[in-house]
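Enquirer: Have a look at this one before I ask anything.
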There are 2 protein chains.
Amino acid sequence: MANPGVLIVISGPSGSGKSTVTSKLLKDTRFAFSVSATTRAPRAGEEHGKHYFFITKEEFEALIDGGQMLEHAQYVGNYYGTPREPVERLLAEGKHVILEIETKGALQVKAAYPDAIMIMILPPDIETLEGRLRGRKSNTEEDIKNRLETAKSEIKIAREYDYLVINDTVENAVCEIKKIVDSETHRTAYNAEFIDNYIK
Amino acid sequence: MANPGVLIVISGPSGSGKSTVTSKLLKDTRFAFSVSATTRAPRAGEEHGKHYFFITKEEFEALIDGGQMLEHAQYVGNYYGTPREPVERLLAEGKHVILEIETKGALQVKAAYPDAIMIMILPPDIETLEGRLRGRKSNTEEDIKNRLETAKSEIKIAREYDYLVINDTVENAVCEIKKIVDSETHRTAYNAEFIDNYIK
């Protein structure tokens with residue numbers, strides 16, 4: 001069963017803990033991360049080519065025009081997007097590729113790759129979400145309010161996702177996502193070649 | 001998340017080990033078995049109400065006419081079918097209900113319950129399947145040939161199932177099915193009420 005990898009789209013509101021969950025998933029070498037491109041400025045500790053490709057608006061728009069962006073969106077005044085080539089290369093190598101992207105881009109990916117599995121990560125409840133946002137000292141009160149409003153609008157489209165994973169603990173969330181991906185590799189559509197060859 | 005159970009249809013050719021897998025799954029109290037009805041004679045050790053409801057052809061046909069059969073089929077000259085009432089009651093109680101049925105009946109269930117998850121169990125390869133059939137001393141050479149031909153026609157429709165589980169060891173097959181069912185309970189459609197209430 002030499003199969004391509006599974007494309008996994010992970011979204012969740014700010015404060016859902018999706019980045020921590022993703023980084024734990026990546027400890028498993030079956031998974032690979034596709035680095036996004038953005039025009040926003042790097043935060044402290046963020047590295048070009050690791051956390052994001054930090055590029056200019058002009059560079060970003062040239063990639064869009066060249067059909068080299070799998071998805072892209074503007075968010076709080078900046079472009080975010082997923083370069084197409086590395087995703088397709090990693091999938092062909094059999095890696096399960098994780099895209100950690102916001103909801104608008106996620107739906108673009110689903111339209112382009114219907115086999116992608118769409119996972120929404122949420123904290124156990126909205127109070128926990130707000131608590132996590134307030135716990136980040138870098139956020140101002142206005143920033144928290146904006147993020148909460150954005151979170152609510154993102155949660156409203158959770159039903160367009162395939163799966164909901166509650167991030168009560170990082171370990172549980174990682175375990176559930178691995179089960180979901182493993183189940184996906186048991187789909188008959190994923191094993192079509194195996195089935196065809198079975199009775200030959 | 002007080003949800004109804006998941007309806008699980010398990011099929012597999014004779015020799016796939018589906019009955020052993022099912023009986024191991026049932027050690028987990030989240031799962032329940034829906035007893036089928038049949039007009040065939042009981043085999044040694046089979047109990048009425050446990051392995052099957054052994055009923056007459058006339059009784060079976062009366063249940064069909066009354067709309068009380070979720071699915072039914074004829075197989076090697078006998079009726080086999082699933083009474084509807086116990087399945088619906090167990091699902092409402094939150095049990096994951098296992099139907100261990102052949103392919104024709106399985107597709108009837110999928111048509112009636114699109115949310116049912118359809119799992120096809122196969123041995124690792126066709127040679128293993130044949131070996132398992134030959135290992136059963138109760139089967140004549142003609143019986144083995146018939147069962148192999150039936151198996152091949154069943155495997156041809158495996159792609160109409162949702163999932164393929166290879167029964168290399170019973171423990172692995174049980175583990176994979178539990179993962180599949182667990183993933184199913186993470187579907188956004190399954191958690192629609194939770195999502196709706198999240199931001200209220």
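Chain identifiers are assigned as A, B, and so on, following the order in which chains appear in the structure tokens; residues are numbered from 1 within each chain, and ligands are numbered from 1 in order of appearance.
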Identify, on the basis of only C-alpha atoms, every residue whose closest approach to Arg89 (chain B) does not exceed 12 Å; exclude the query and any residue fewer than 2 positions from it along the same chain; express the result as a ChimeraX atom specification.

Expert: /B:4-5,7,32-34,83-87,91-97

Enquirer: Assign secondary structure with DSSP using the backbone only, and return the residues of region 41-152 of chain B in strand (DSSP E) as a PyMOL selection string.

Expert: chain B and resi 52-54+69-75+78-83+96-100+117-122

Enquirer: Pull C-alpha atoms from the residues just selected and write them as a compact mmCIF listing (two decimals), in the first residue's frame.

Expert:
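Output contents, as saved in part26.txt:
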```
# COMPACT_ATOMS: atom_id res chain seq x y z
CA TYR B 52 -29.64 -15.33 15.40
CA PHE B 53 -33.36 -15.26 15.77
CA PHE B 54 -34.17 -18.55 14.08
CA MET B 69 -36.88 -5.46 8.54
CA LEU B 70 -34.11 -2.87 8.18
CA GLU B 71 -32.59 -5.00 5.44
CA HIS B 72 -32.94 -8.55 4.25
CA ALA B 73 -31.48 -10.82 1.62
CA GLN B 74 -31.55 -14.39 0.48
CA TYR B 75 -28.26 -16.25 0.64
CA ASN B 78 -32.23 -18.83 3.16
CA TYR B 79 -33.48 -15.47 4.36
CA TYR B 80 -31.22 -13.30 6.52
CA GLY B 81 -32.29 -9.92 7.86
CA THR B 82 -32.06 -7.27 10.55
CA PRO B 83 -35.12 -6.45 12.65
CA HIS B 96 -22.55 1.89 18.77
CA VAL B 97 -24.60 -0.82 17.08
CA ILE B 98 -22.79 -3.45 15.02
CA LEU B 99 -24.57 -5.16 12.16
CA GLU B 100 -22.57 -8.09 10.84
CA ILE B 117 -20.29 3.48 8.54
CA MET B 118 -19.59 0.57 6.26
CA ILE B 119 -16.55 -1.52 7.05
CA MET B 120 -15.28 -4.37 4.87
CA ILE B 121 -12.96 -6.83 6.62
CA LEU B 122 -10.52 -8.80 4.50
```

Enquirer: Do you have, as a tab-separated table, the list of residues of chain B lying at most 8 Å from chain A, each with its nearest atom pair and that distance in Å to one decimal, counting only C-alpha atoms and ordered by chain then number?

Expert:
```
residue	atom	partner	partner_atom	distance
B:Asp125	CA	A:Tyr198	CA	6.5
B:Ile126	CA	A:Ile199	CA	6.5
B:Lys152	CA	A:Ile199	CA	6.6
B:Ile155	CA	A:Ile195	CA	7.5
B:Lys156	CA	A:Asp196	CA	7.8
B:Ala158	CA	A:Thr188	CA	7.1
B:Arg159	CA	A:Thr188	CA	5.4
B:Glu160	CA	A:Thr188	CA	7.7
B:Tyr161	CA	A:Thr188	CA	6.5
B:Asp162	CA	A:Arg187	CA	5.6
B:Tyr163	CA	A:Arg187	CA	4.2
B:Leu164	CA	A:His186	CA	5.3
B:Val165	CA	A:His186	CA	6.5
B:Glu176	CA	A:Ser183	CA	7.3
B:Lys179	CA	A:Lys179	CA	5.6
B:Ile180	CA	A:Ser183	CA	5.1
B:Asp182	CA	A:Lys179	CA	7.7
B:Ser183	CA	A:Ile180	CA	5.1
B:His186	CA	A:Tyr163	CA	5.3
B:Arg187	CA	A:Tyr163	CA	4.2
B:Thr188	CA	A:Tyr163	CA	5.0
B:Ala189	CA	A:Arg159	CA	6.7
B:Asn191	CA	A:Leu164	CA	7.6
B:Ala192	CA	A:Arg159	CA	7.0
B:Ile195	CA	A:Ala158	CA	7.3
B:Asp196	CA	A:Lys156	CA	7.8
B:Tyr198	CA	A:Asp125	CA	6.5
B:Ile199	CA	A:Ile126	CA	6.6
```

Enquirer: Please provide the set of residues having any atom within 8 Å of Phe60 (chain A), restricted to only C-alpha atoms, with same-chain residues fewer than 3 positions apart removed, written as a PDB file with N, CA and C atoms, in the first residue's frame.

Expert:
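Full text of part-v4.pdb as output:
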```pdb
ATOM      1  N   ALA A  37       3.320  31.294   3.584  1.00  0.00           N
ATOM      2  CA  ALA A  37       3.953  32.582   3.275  1.00  0.00           C
ATOM      3  C   ALA A  37       3.079  33.692   3.851  1.00  0.00           C
ATOM      4  N   THR A  38       3.695  34.762   4.275  1.00  0.00           N
ATOM      5  CA  THR A  38       2.912  35.895   4.774  1.00  0.00           C
ATOM      6  C   THR A  38       3.644  37.200   4.516  1.00  0.00           C
ATOM      7  N   THR A  39       2.848  38.249   4.466  1.00  0.00           N
ATOM      8  CA  THR A  39       3.439  39.584   4.330  1.00  0.00           C
ATOM      9  C   THR A  39       3.520  40.297   5.677  1.00  0.00           C
ATOM     10  N   ILE A  55       7.553  37.386   3.148  1.00  0.00           N
ATOM     11  CA  ILE A  55       7.825  37.999   1.843  1.00  0.00           C
ATOM     12  C   ILE A  55       7.062  39.321   1.721  1.00  0.00           C
ATOM     13  N   THR A  56       7.415  40.090   0.689  1.00  0.00           N
ATOM     14  CA  THR A  56       6.745  41.382   0.509  1.00  0.00           C
ATOM     15  C   THR A  56       5.394  41.193  -0.186  1.00  0.00           C
ATOM     16  N   LYS A  57       4.605  42.248  -0.106  1.00  0.00           N
ATOM     17  CA  LYS A  57       3.300  42.226  -0.766  1.00  0.00           C
ATOM     18  C   LYS A  57       3.454  41.982  -2.271  1.00  0.00           C
ATOM     19  N   LEU A  63       3.206  35.558  -6.785  1.00  0.00           N
ATOM     20  CA  LEU A  63       2.938  34.121  -6.630  1.00  0.00           C
ATOM     21  C   LEU A  63       1.463  33.802  -6.911  1.00  0.00           C
ATOM     22  N   ILE A  64       0.570  34.667  -6.430  1.00  0.00           N
ATOM     23  CA  ILE A  64      -0.863  34.469  -6.717  1.00  0.00           C
ATOM     24  C   ILE A  64      -1.084  34.477  -8.227  1.00  0.00           C
ATOM     25  N   TYR A  79      -1.402  39.530   3.879  1.00  0.00           N
ATOM     26  CA  TYR A  79      -1.615  38.299   3.113  1.00  0.00           C
ATOM     27  C   TYR A  79      -1.049  37.102   3.882  1.00  0.00           C
TER      28      TYR A  79
END
```

Enquirer: Which residue out of B:Ser36, B:Leu148, B:Gly66, B:Thr29 has the minimum interatomic distance to Thr128 (chain B) when only C-alpha atoms are used?

Expert: B:Leu148

Enquirer: DSSP on the backbone, then: every residue of region 15-84 of chain B marked alpha helix (DSSP H), written as a PyMOL selection string.

Expert: chain B and resi 18-25+57-65+84

Enquirer: Which is closest to Thr103 (chain A) among A:Asn172, A:Thr150, A:Ser23, A:Asn3, if we use only C-alpha atoms?

Expert: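 Among the listed residues, the smallest separation from Thr103 (chain A) belongs to A:Thr150.
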
Enquirer: Of the candidates B:Val21, B:Leu133, B:Ala44, B:Ala111, which one gets nearest to Asn167 (chain B) if we count only C-alpha atoms?

Expert: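 Once distances to Asn167 (chain B) are computed over only C-alpha atoms, the minimum belongs to B:Val21.
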